[in-house]
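See below for structure_5.csv, which holds CSV, C-alpha atoms and all ligand atoms.
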```csv
chain,number,residue,atom,x,y,z
A,5,MET,CA,-5.8,-50.6,14.2
A,6,ASN,CA,-5.2,-49.4,10.7
A,7,PRO,CA,-3.8,-52.1,8.5
A,8,VAL,CA,-0.6,-50.1,8.3
A,9,ASN,CA,1.1,-49.2,11.5
A,10,ALA,CA,2.4,-45.9,10.3
A,11,ASP,CA,4.3,-43.4,12.5
A,12,LEU,CA,5.0,-40.3,10.5
A,13,HIS,CA,6.6,-37.9,13.0
A,14,CYS,CA,9.4,-38.5,15.5
A,15,HIS,CA,12.8,-37.2,16.6
A,16,SER,CA,16.4,-38.4,17.0
A,17,THR,CA,19.6,-36.9,18.4
A,18,ALA,CA,19.9,-34.9,15.1
A,19,SER,CA,17.5,-32.6,16.9
A,20,ASP,CA,16.0,-32.9,20.3
A,21,GLY,CA,15.3,-36.7,20.5
A,22,THR,CA,17.4,-38.8,22.9
A,23,LEU,CA,18.0,-41.8,20.6
A,24,ALA,CA,20.3,-42.0,17.6
A,25,PRO,CA,18.5,-42.3,14.2
A,26,ALA,CA,19.3,-46.0,13.9
A,27,GLN,CA,18.1,-46.6,17.5
A,28,VAL,CA,14.8,-44.9,16.6
A,29,VAL,CA,14.4,-47.1,13.6
A,30,ARG,CA,15.1,-50.3,15.5
A,31,ARG,CA,12.7,-49.3,18.3
A,32,ALA,CA,10.0,-48.5,15.8
A,33,HIS,CA,10.5,-51.9,14.1
A,34,ALA,CA,10.4,-53.7,17.5
A,35,ASN,CA,7.1,-51.9,18.3
A,36,GLY,CA,5.6,-53.2,15.1
A,37,VAL,CA,5.8,-50.0,13.0
A,38,ASP,CA,5.9,-50.8,9.2
A,39,LEU,CA,6.1,-47.2,7.9
A,40,LEU,CA,8.2,-44.7,9.7
A,41,ALA,CA,9.2,-41.1,9.0
A,42,LEU,CA,12.0,-39.4,11.0
A,43,THR,CA,11.1,-35.7,11.2
A,44,ASP,CA,13.8,-33.9,13.1
A,45,HIS,CA,13.3,-30.2,13.8
A,46,ASP,CA,14.8,-28.0,11.0
A,47,GLU,CA,17.4,-30.7,10.2
A,48,LEU,CA,18.0,-33.5,7.7
A,49,LEU,CA,21.2,-34.8,9.3
A,50,GLY,CA,19.8,-38.1,10.7
A,51,LEU,CA,18.0,-39.3,7.6
A,52,ALA,CA,20.9,-41.2,5.9
A,53,GLU,CA,21.6,-43.2,9.1
A,54,ALA,CA,17.9,-43.9,9.6
A,55,ALA,CA,17.4,-45.0,6.0
A,56,ASP,CA,20.3,-47.4,6.3
A,57,ALA,CA,19.0,-48.9,9.5
A,58,ALA,CA,15.5,-49.2,8.0
A,59,ARG,CA,17.0,-51.1,5.1
A,60,GLU,CA,18.7,-53.5,7.4
A,61,VAL,CA,15.6,-54.4,9.4
A,62,GLY,CA,13.2,-54.2,6.4
A,63,LEU,CA,11.1,-51.3,7.6
A,64,ARG,CA,9.6,-48.8,5.0
A,65,PHE,CA,11.2,-45.5,5.7
A,66,VAL,CA,10.1,-42.0,4.7
A,67,PRO,CA,12.6,-39.1,4.9
A,68,GLY,CA,11.0,-36.2,6.7
A,69,VAL,CA,11.5,-33.0,8.5
A,70,GLU,CA,9.6,-30.8,11.0
A,71,VAL,CA,9.9,-27.1,10.0
A,72,SER,CA,9.5,-24.3,12.6
A,73,VAL,CA,7.1,-21.6,11.4
A,74,SER,CA,5.8,-18.3,12.7
A,75,TRP,CA,2.1,-17.9,12.0
A,76,LEU,CA,0.4,-14.8,13.3
A,77,ASP,CA,1.7,-14.6,16.9
A,78,GLN,CA,2.2,-18.4,17.2
A,79,THR,CA,4.8,-21.0,16.4
A,80,VAL,CA,3.4,-23.6,14.1
A,81,HIS,CA,5.2,-26.8,13.0
A,82,VAL,CA,4.9,-28.1,9.5
A,83,VAL,CA,6.0,-31.7,8.8
A,84,GLY,CA,7.4,-32.5,5.4
A,85,LEU,CA,7.1,-36.2,4.3
A,86,ASN,CA,9.0,-37.9,1.5
A,87,ILE,CA,11.3,-34.9,0.9
A,88,ASP,CA,14.4,-35.2,-1.2
A,89,PRO,CA,17.1,-34.5,1.5
A,90,SER,CA,19.5,-33.3,-1.2
A,91,HIS,CA,17.2,-30.6,-2.6
A,92,PRO,CA,19.2,-27.3,-2.4
A,93,ALA,CA,16.4,-24.9,-1.6
A,94,LEU,CA,15.1,-27.0,1.3
A,95,ALA,CA,18.7,-27.5,2.7
A,96,ALA,CA,19.4,-23.8,2.4
A,97,GLY,CA,16.1,-22.8,4.0
A,98,LEU,CA,16.7,-25.1,7.0
A,99,HIS,CA,20.2,-23.9,7.3
A,100,GLN,CA,18.9,-20.4,7.8
A,101,VAL,CA,16.3,-21.6,10.4
A,102,ARG,CA,19.1,-23.3,12.3
A,103,GLU,CA,21.2,-20.2,12.3
A,104,GLY,CA,18.3,-18.4,13.9
A,105,ARG,CA,18.3,-21.0,16.6
A,106,ASP,CA,21.9,-20.3,17.5
A,107,GLY,CA,21.1,-16.7,18.3
A,108,ARG,CA,18.0,-17.6,20.2
A,109,ALA,CA,19.9,-20.2,22.4
A,110,GLY,CA,22.2,-17.4,23.5
A,111,GLN,CA,19.3,-15.2,24.3
A,112,ILE,CA,17.5,-17.9,26.3
A,113,ALA,CA,20.7,-18.5,28.3
A,114,ALA,CA,21.0,-14.7,28.9
A,115,GLU,CA,17.4,-14.6,30.2
A,116,LEU,CA,18.0,-17.5,32.5
A,117,ASP,CA,21.2,-15.9,33.7
A,118,ARG,CA,19.3,-12.8,34.8
A,119,ILE,CA,17.2,-14.9,37.1
A,120,GLY,CA,20.2,-16.7,38.6
A,121,ILE,CA,20.5,-19.8,36.4
A,122,HIS,CA,24.0,-19.6,35.1
A,123,GLY,CA,25.8,-21.6,32.4
A,124,ALA,CA,22.6,-22.8,30.7
A,125,LEU,CA,24.0,-22.6,27.2
A,126,GLU,CA,26.9,-24.9,28.0
A,127,GLY,CA,24.5,-27.1,29.9
A,128,ALA,CA,22.0,-27.3,27.1
A,129,LEU,CA,24.8,-28.0,24.6
A,130,ARG,CA,25.9,-31.0,26.6
A,131,TYR,CA,22.4,-32.5,25.9
A,132,ALA,CA,22.4,-31.5,22.2
A,133,GLY,CA,23.5,-34.4,20.0
A,134,ASN,CA,23.8,-31.9,17.2
A,135,PRO,CA,25.3,-28.5,18.2
A,136,ALA,CA,23.7,-26.9,15.2
A,137,LEU,CA,20.3,-27.7,16.6
A,138,VAL,CA,19.7,-26.4,20.2
A,139,SER,CA,16.1,-26.8,21.2
A,140,ARG,CA,14.3,-25.7,24.4
A,141,ALA,CA,14.1,-29.4,25.2
A,142,HIS,CA,17.9,-29.4,25.7
A,143,PHE,CA,17.6,-26.4,28.1
A,144,ALA,CA,14.8,-28.2,29.9
A,145,ARG,CA,16.9,-31.4,30.4
A,146,TYR,CA,19.8,-29.3,31.8
A,147,LEU,CA,17.5,-27.4,34.2
A,148,VAL,CA,16.1,-30.7,35.5
A,149,GLU,CA,19.7,-32.0,36.0
A,150,ILE,CA,20.6,-29.0,38.2
A,151,GLY,CA,17.5,-29.4,40.2
A,152,ILE,CA,15.6,-26.3,39.0
A,153,ALA,CA,12.5,-28.4,38.5
A,154,ARG,CA,11.4,-32.0,39.0
A,155,ASN,CA,10.8,-32.8,35.3
A,156,VAL,CA,10.9,-31.4,31.8
A,157,HIS,CA,7.1,-30.6,31.9
A,158,ASP,CA,7.6,-28.5,35.0
A,159,VAL,CA,10.5,-26.6,33.4
A,160,PHE,CA,8.3,-25.6,30.5
A,161,LEU,CA,5.5,-24.6,32.8
A,162,HIS,CA,7.7,-22.3,34.9
A,163,TYR,CA,10.6,-21.3,32.8
A,164,LEU,CA,10.5,-21.9,29.0
A,165,ALA,CA,6.9,-21.4,27.9
A,166,ARG,CA,5.7,-18.1,26.6
A,167,GLY,CA,5.4,-15.5,29.3
A,168,LYS,CA,8.0,-17.3,31.5
A,169,PRO,CA,11.4,-15.8,32.3
A,170,GLY,CA,13.4,-18.0,29.9
A,171,TYR,CA,11.1,-17.6,26.9
A,172,VAL,CA,12.4,-15.6,24.0
A,173,GLU,CA,10.2,-14.4,21.1
A,174,HIS,CA,11.6,-15.7,17.9
A,175,VAL,CA,10.8,-15.4,14.2
A,176,TRP,CA,10.9,-18.7,12.4
A,177,ALA,CA,10.3,-19.4,8.7
A,178,THR,CA,7.0,-18.2,7.1
A,179,LEU,CA,4.3,-20.7,6.3
A,180,ASP,CA,4.8,-19.9,2.6
A,181,GLU,CA,8.5,-20.7,2.8
A,182,ALA,CA,8.1,-23.9,4.8
A,183,VAL,CA,5.4,-25.3,2.4
A,184,GLY,CA,7.4,-24.1,-0.6
A,185,TRP,CA,10.6,-25.8,0.5
A,186,ILE,CA,8.8,-29.0,1.3
A,187,ARG,CA,6.9,-29.1,-2.0
A,188,GLY,CA,10.0,-27.9,-3.9
A,189,ALA,CA,11.8,-31.0,-2.5
A,190,GLY,CA,9.0,-33.3,-3.8
A,191,GLY,CA,7.4,-33.7,-0.3
A,192,VAL,CA,4.0,-33.7,1.2
A,193,ALA,CA,3.3,-30.9,3.7
A,194,VAL,CA,1.4,-31.7,6.9
A,195,ILE,CA,0.3,-29.5,9.8
A,196,ALA,CA,1.8,-31.0,13.0
A,197,HIS,CA,-0.2,-31.4,16.2
A,198,PRO,CA,-2.7,-28.6,15.6
A,199,GLY,CA,-4.3,-29.1,19.0
A,200,ARG,CA,-1.2,-27.5,20.6
A,201,TYR,CA,-1.7,-24.1,19.0
A,202,ARG,CA,-3.4,-21.4,20.9
A,203,LEU,CA,-5.5,-20.2,17.9
A,204,GLY,CA,-9.2,-19.4,18.0
A,205,HIS,CA,-11.7,-20.8,15.4
A,206,VAL,CA,-11.2,-17.9,13.0
A,207,GLU,CA,-7.4,-18.0,13.1
A,208,MET,CA,-7.4,-21.8,12.9
A,209,ASP,CA,-9.6,-21.6,9.8
A,210,LEU,CA,-7.2,-19.0,8.3
A,211,LEU,CA,-4.3,-21.2,8.9
A,212,PHE,CA,-5.8,-24.2,7.2
A,213,GLU,CA,-7.2,-22.1,4.3
A,214,ARG,CA,-3.8,-20.6,3.7
A,215,PHE,CA,-2.0,-23.9,4.1
A,216,ARG,CA,-4.3,-25.6,1.6
A,217,ASP,CA,-4.0,-22.7,-0.9
A,218,LEU,CA,-0.2,-23.0,-0.7
A,219,GLY,CA,-0.5,-26.7,-1.6
A,220,GLY,CA,-0.4,-28.2,1.9
A,221,GLU,CA,-2.0,-31.6,1.9
A,222,GLY,CA,-2.2,-33.1,5.3
A,223,VAL,CA,-3.0,-32.7,9.0
A,224,GLU,CA,-2.0,-34.7,12.0
A,225,VAL,CA,-5.2,-36.1,13.4
A,226,CYS,CA,-4.0,-38.8,15.7
A,227,CYS,CA,-0.8,-37.8,17.5
A,228,GLY,CA,0.9,-37.9,20.9
A,229,ALA,CA,-0.4,-34.4,21.7
A,230,HIS,CA,-4.1,-35.0,21.0
A,231,ASP,CA,-6.8,-36.2,23.4
A,232,GLY,CA,-10.0,-37.8,22.1
A,233,GLY,CA,-11.8,-34.5,21.7
A,234,GLN,CA,-9.0,-33.1,19.6
A,235,VAL,CA,-8.9,-36.3,17.4
A,236,LEU,CA,-12.6,-35.6,16.6
A,237,ALA,CA,-12.1,-31.9,16.1
A,238,PHE,CA,-9.2,-32.3,13.7
A,239,SER,CA,-11.0,-35.2,11.9
A,240,ARG,CA,-13.6,-32.5,11.1
A,241,VAL,CA,-10.9,-30.2,9.9
A,242,ALA,CA,-9.5,-32.9,7.6
A,243,ARG,CA,-13.0,-33.4,6.1
A,244,LYS,CA,-13.7,-29.7,5.8
A,245,TYR,CA,-10.5,-28.8,4.0
A,246,GLY,CA,-10.1,-32.1,2.1
A,247,LEU,CA,-6.8,-32.8,3.8
A,248,LEU,CA,-5.2,-36.2,4.2
A,249,ALA,CA,-4.9,-37.5,7.8
A,250,SER,CA,-1.6,-38.4,9.5
A,251,ARG,CA,-0.8,-40.6,12.5
A,252,ALA,CA,2.2,-39.7,14.5
A,253,SER,CA,3.7,-40.3,18.0
A,254,ASP,CA,6.1,-37.2,18.0
A,255,PHE,CA,8.3,-39.6,20.0
A,256,HIS,CA,11.4,-37.9,21.5
A,257,GLY,CA,12.8,-40.7,23.6
A,258,PRO,CA,11.8,-43.5,26.1
A,259,GLU,CA,12.0,-41.1,29.1
A,260,ASP,CA,10.6,-38.1,27.3
A,261,SER,CA,7.5,-39.1,25.5
A,262,PRO,CA,4.0,-40.2,26.7
A,263,VAL,CA,3.4,-42.0,23.4
A,264,ASP,CA,5.9,-44.6,22.1
A,265,LEU,CA,6.7,-45.2,18.5
A,266,GLY,CA,3.8,-46.7,16.6
A,267,ARG,CA,1.4,-46.3,19.5
A,268,ALA,CA,-0.7,-43.3,18.5
A,269,PRO,CA,-4.4,-44.1,18.2
A,270,PRO,CA,-5.7,-45.4,14.8
A,271,LEU,CA,-7.2,-42.9,12.3
A,272,PRO,CA,-11.0,-42.7,12.0
A,273,PRO,CA,-11.8,-45.1,9.2
A,274,ASP,CA,-13.5,-42.5,6.9
A,275,LEU,CA,-10.4,-40.3,6.6
A,276,THR,CA,-7.9,-40.8,3.8
A,277,PRO,CA,-4.5,-41.6,5.3
A,278,VAL,CA,-1.6,-39.4,4.2
A,279,TRP,CA,0.4,-42.6,3.4
A,280,THR,CA,-1.8,-43.2,0.4
A,281,ARG,CA,0.2,-40.2,-1.1
A,282,LEU,CA,3.6,-41.9,-0.2
A,283,GLN,CA,3.5,-44.8,-2.5
B,1,LIG,P1,12.0,-25.3,20.2
B,1,LIG,O1,11.7,-25.8,18.9
B,1,LIG,O2,13.4,-25.1,20.5
B,1,LIG,O3,11.1,-24.1,20.6
B,1,LIG,O4,11.6,-26.4,21.2
B,1,LIG,C1,10.3,-27.0,21.1
B,1,LIG,C2,10.5,-28.4,21.7
B,1,LIG,O5,10.4,-28.4,23.1
B,1,LIG,C3,9.3,-29.3,21.3
B,1,LIG,O6,9.6,-29.9,20.1
B,1,LIG,C4,9.3,-30.3,22.4
B,1,LIG,O7,10.4,-31.3,22.2
B,1,LIG,C5,9.7,-29.5,23.6
B,1,LIG,N1,8.5,-29.0,24.3
B,1,LIG,C6,7.8,-27.9,24.1
B,1,LIG,N2,6.8,-27.7,25.0
B,1,LIG,C7,7.0,-28.7,25.9
B,1,LIG,C8,6.3,-29.1,27.1
B,1,LIG,N3,5.3,-28.4,27.6
B,1,LIG,N4,6.8,-30.2,27.7
B,1,LIG,C9,7.8,-30.9,27.3
B,1,LIG,N5,8.5,-30.6,26.1
B,1,LIG,C10,8.1,-29.6,25.5
B,2,MN,MN,11.0,-31.4,20.0
B,3,MN,MN,6.4,-30.0,17.0
B,4,MN,MN,7.9,-33.0,16.7
```

Is it possible to express this structure as structure tokens?
Amino acid sequence: MNPVNADLHCHSTASDGTLAPAQVVRRAHANGVDLLALTDHDELLGLAEAADAAREVGLRFVPGVEVSVSWLDQTVHVVGLNIDPSHPALAAGLHQVREGRDGRAGQIAAELDRIGIHGALEGALRYAGNPALVSRAHFARYLVEIGIARNVHDVFLHYLARGKPGYVEHVWATLDEAVGWIRGAGGVAVIAHPGRYRLGHVEMDLLFERFRDLGGEGVEVCCGAHDGGQVLAFSRVARKYGLLASRASDFHGPEDSPVDLGRAPPLPPDLTPVWTRLQ
């Protein structure tokens, strides 16, 4: 275990997590986390509540966000750590991304309607703690509720992943915008769960080169989405590009996440943890 039990990526009901921000903080504290970042998708709404709860239990809290980005033909997520939530350019950029989500949610519902699944927008909204932030995860929970699939994983496999009937192509922020907003707000930009992207070696190198040139500083090495081989692969990426390493559960809720708060594997000891930049 690293001396610090840091968890620098998780979600609350401000986006597609199932626990309120204060509940996330209290669960992290109970799990032994001593440095926590809440990083809701494209949204800063939960940060004030989380910061208050962290103060109450004596947990070090880092305000964060996970920005949705389109890179080549993929969606890539960029986590911003230690951002100033009141920074106008960041707030305005995220507002724009959330507006794009509204239109996409309607399109997803229309696609599902075409294959006989009706009322999906209303259904998804019932699961959305924040109506300004509808995620595919909310659609997935509704589709499980009405018996379309056994679990959320199967919904993505058959309905919501790319190439499936409920998938809608969408243009998110650019990498330049996301890193610019995060840095402009005083934050540290980190590439989230790189093992999830379907990028070849050349494209992956292009992503990290561009990210570093823009002033990106970190990469998630140990996270809920990575197996042992991916931890080794992205440790090499961190060394190659001189990036700081992050540790993150990407927790979405007790029923939804394979890795609980604070339970991602420890970082390889030779890497420089991103929290050395968060002092
Ligand atoms: P969105 O940002 O609306 O495209 O939704 C992406 C979210 O859906 C992710 O942050 C996860 O919460 C969830 N998600 C994506 N793929 C899967 C999957 N295969 N299984 C379960 N949840 C997923
Ligand atoms: Mn999510
Ligand atoms: Mn993500
Ligand atoms: Mn996430």

Polymer residues at most 9 Å from region 200-216 of chain A, only C-alpha atoms, same-chain spacing of 6 or more positions, as a VMD selection string: chain A and resid 75 to 76 78 to 80 179 to 180 183 193 to 194 222 229 to 230 241 245 to 247

Just-selected residues, C-alpha atoms written as a short mmCIF file (atom, residue, chain, number, x, y, z; two decimals), in the frame of the given file:
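As a result, again-v3.cif now contains:
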```
data_model
loop_
_atom_site.label_atom_id
_atom_site.label_comp_id
_atom_site.auth_asym_id
_atom_site.auth_seq_id
_atom_site.Cartn_x
_atom_site.Cartn_y
_atom_site.Cartn_z
CA TRP A 75 2.10 -17.90 12.00
CA LEU A 76 0.40 -14.80 13.30
CA GLN A 78 2.20 -18.40 17.20
CA THR A 79 4.80 -21.00 16.40
CA VAL A 80 3.40 -23.60 14.10
CA LEU A 179 4.30 -20.70 6.30
CA ASP A 180 4.80 -19.90 2.60
CA VAL A 183 5.40 -25.30 2.40
CA ALA A 193 3.30 -30.90 3.70
CA VAL A 194 1.40 -31.70 6.90
CA GLY A 222 -2.20 -33.10 5.30
CA ALA A 229 -0.40 -34.40 21.70
CA HIS A 230 -4.10 -35.00 21.00
CA VAL A 241 -10.90 -30.20 9.90
CA TYR A 245 -10.50 -28.80 4.00
CA GLY A 246 -10.10 -32.10 2.10
CA LEU A 247 -6.80 -32.80 3.80
#
```

All residues having an atom within 9 Å of ligand MN 3 (chain B) (all atoms listed in the file) as a ChimeraX atom specification: /A:13,45,70-72,80-83,196-197,200,254

Spatial neighbours of Val159 (chain A), max dist 9 Å, all atoms listed in the file, sep filter under 4 positions, as a PyMOL selection string: chain A and resi 143-145+147-148+152-155+163-165

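Among the candidate residues A:Val172, A:Leu23, A:Gly199, A:Gly184, the one lying nearest to Gly233 (chain A) is A:Gly199, with distances computed using only C-alpha atoms.
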
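Nearest residue to Leu12 (chain A) among A:Leu129, A:Ile119, A:Val235, A:Leu282 is A:Leu282, counting all atoms listed in the file.
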
How close does chain A get to ligand MN 2 (chain B)? List, as CSV, each residue of chain A within 7 Å, its nearest atom pair and the distance in Å to one decimal, counting all atoms listed in the file.
```
residue,atom,partner,partner_atom,distance
A:His15,CA,B:MN2,MN,7.0
A:Asp20,CA,B:MN2,MN,5.2
A:Gly21,CA,B:MN2,MN,6.8
A:His45,CA,B:MN2,MN,6.7
A:Ser139,CA,B:MN2,MN,7.0
A:Ala141,CA,B:MN2,MN,6.4
A:His256,CA,B:MN2,MN,6.7
```

Best match for closeness to Val73 (chain A) among A:Ile195, A:Leu39, A:Pro89, A:Gln234, counting only C-alpha atoms: A:Ile195

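What separates CA of Gly120 (chain A) from CA of Glu173 (chain A) is a distance of 20.3 Å.
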
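Among A:Val66, A:Val223, A:Ala252, A:Ala242, the residue with the shortest atom-to-atom distance to ligand MN 4 (chain B), counting all atoms listed in the file, is A:Ala252.
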
Mind checking which residues fall within 10 Å of Ala109 (chain A), counting only C-alpha atoms, ignoring those fewer than 5 positions away in the same chain, and posting them as a PDB file with C-alpha atoms, in the coordinates of the input?
```pdb
ATOM      1  CA  GLY A 104      18.300 -18.400  13.900  1.00  0.00           C
ATOM      2  CA  ALA A 114      21.000 -14.700  28.900  1.00  0.00           C
ATOM      3  CA  GLU A 115      17.400 -14.600  30.200  1.00  0.00           C
ATOM      4  CA  ALA A 124      22.600 -22.800  30.700  1.00  0.00           C
ATOM      5  CA  LEU A 125      24.000 -22.600  27.200  1.00  0.00           C
ATOM      6  CA  ALA A 128      22.000 -27.300  27.100  1.00  0.00           C
ATOM      7  CA  LEU A 129      24.800 -28.000  24.600  1.00  0.00           C
ATOM      8  CA  LEU A 137      20.300 -27.700  16.600  1.00  0.00           C
ATOM      9  CA  VAL A 138      19.700 -26.400  20.200  1.00  0.00           C
ATOM     10  CA  SER A 139      16.100 -26.800  21.200  1.00  0.00           C
ATOM     11  CA  ARG A 140      14.300 -25.700  24.400  1.00  0.00           C
ATOM     12  CA  HIS A 142      17.900 -29.400  25.700  1.00  0.00           C
ATOM     13  CA  PHE A 143      17.600 -26.400  28.100  1.00  0.00           C
ATOM     14  CA  VAL A 172      12.400 -15.600  24.000  1.00  0.00           C
TER      15      VAL A 172
END
```

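Proximity of A:Gly232, A:Gly127, A:Gly107, A:Pro277 to ligand LIG 1 (chain B), computed with all atoms listed in the file, is greatest for A:Gly107.
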
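Taking all atoms listed in the file into account, the protein, DNA and RNA residues within 9 Å of (15.6, -35.3, 1.4) read Leu48, Leu51, Pro67, Gly68, Val69, Asn86, Ile87, Asp88, Pro89, Ser90, His91, Leu94, Ala95, Ala189, Gly190 and Gly191 of chain A.
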
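Counting from atom P1 of ligand LIG 1 (chain B), the distance to CA of Ser19 (chain A) is 9.7 Å.
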
Answer as a ChimeraX atom specification, residues within 12 Å of (20.4, -45.0, 14.0) using only C-alpha atoms: /A:15-18,21-32,42,49-61

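For the choices A:His122, A:Arg166, A:Lys244, A:His99, the atom-to-atom distance to ligand LIG 1 (chain B) is smallest for A:Arg166 when using only C-alpha atoms and all ligand atoms.
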
Atomic distance CA of Arg64 (chain A) - CA of Gln283 (chain A), expressed in Å with one decimal: 10.5 Å

7 Å contact set for Val192 (chain A), only C-alpha atoms, chain neighbours under 2 positions out, as a ChimeraX atom specification: /A:84-86,186-187,194,221

Could you turn the residues from that selection into a file that holds C-alpha atoms, as a PDB file, keeping the file's coordinate frame?
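Output file result_10.pdb is given in full below:
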```pdb
ATOM      1  CA  GLY A  84       7.400 -32.500   5.400  1.00  0.00           C
ATOM      2  CA  LEU A  85       7.100 -36.200   4.300  1.00  0.00           C
ATOM      3  CA  ASN A  86       9.000 -37.900   1.500  1.00  0.00           C
ATOM      4  CA  ILE A 186       8.800 -29.000   1.300  1.00  0.00           C
ATOM      5  CA  ARG A 187       6.900 -29.100  -2.000  1.00  0.00           C
ATOM      6  CA  VAL A 194       1.400 -31.700   6.900  1.00  0.00           C
ATOM      7  CA  GLU A 221      -2.000 -31.600   1.900  1.00  0.00           C
TER       8      GLU A 221
END
```
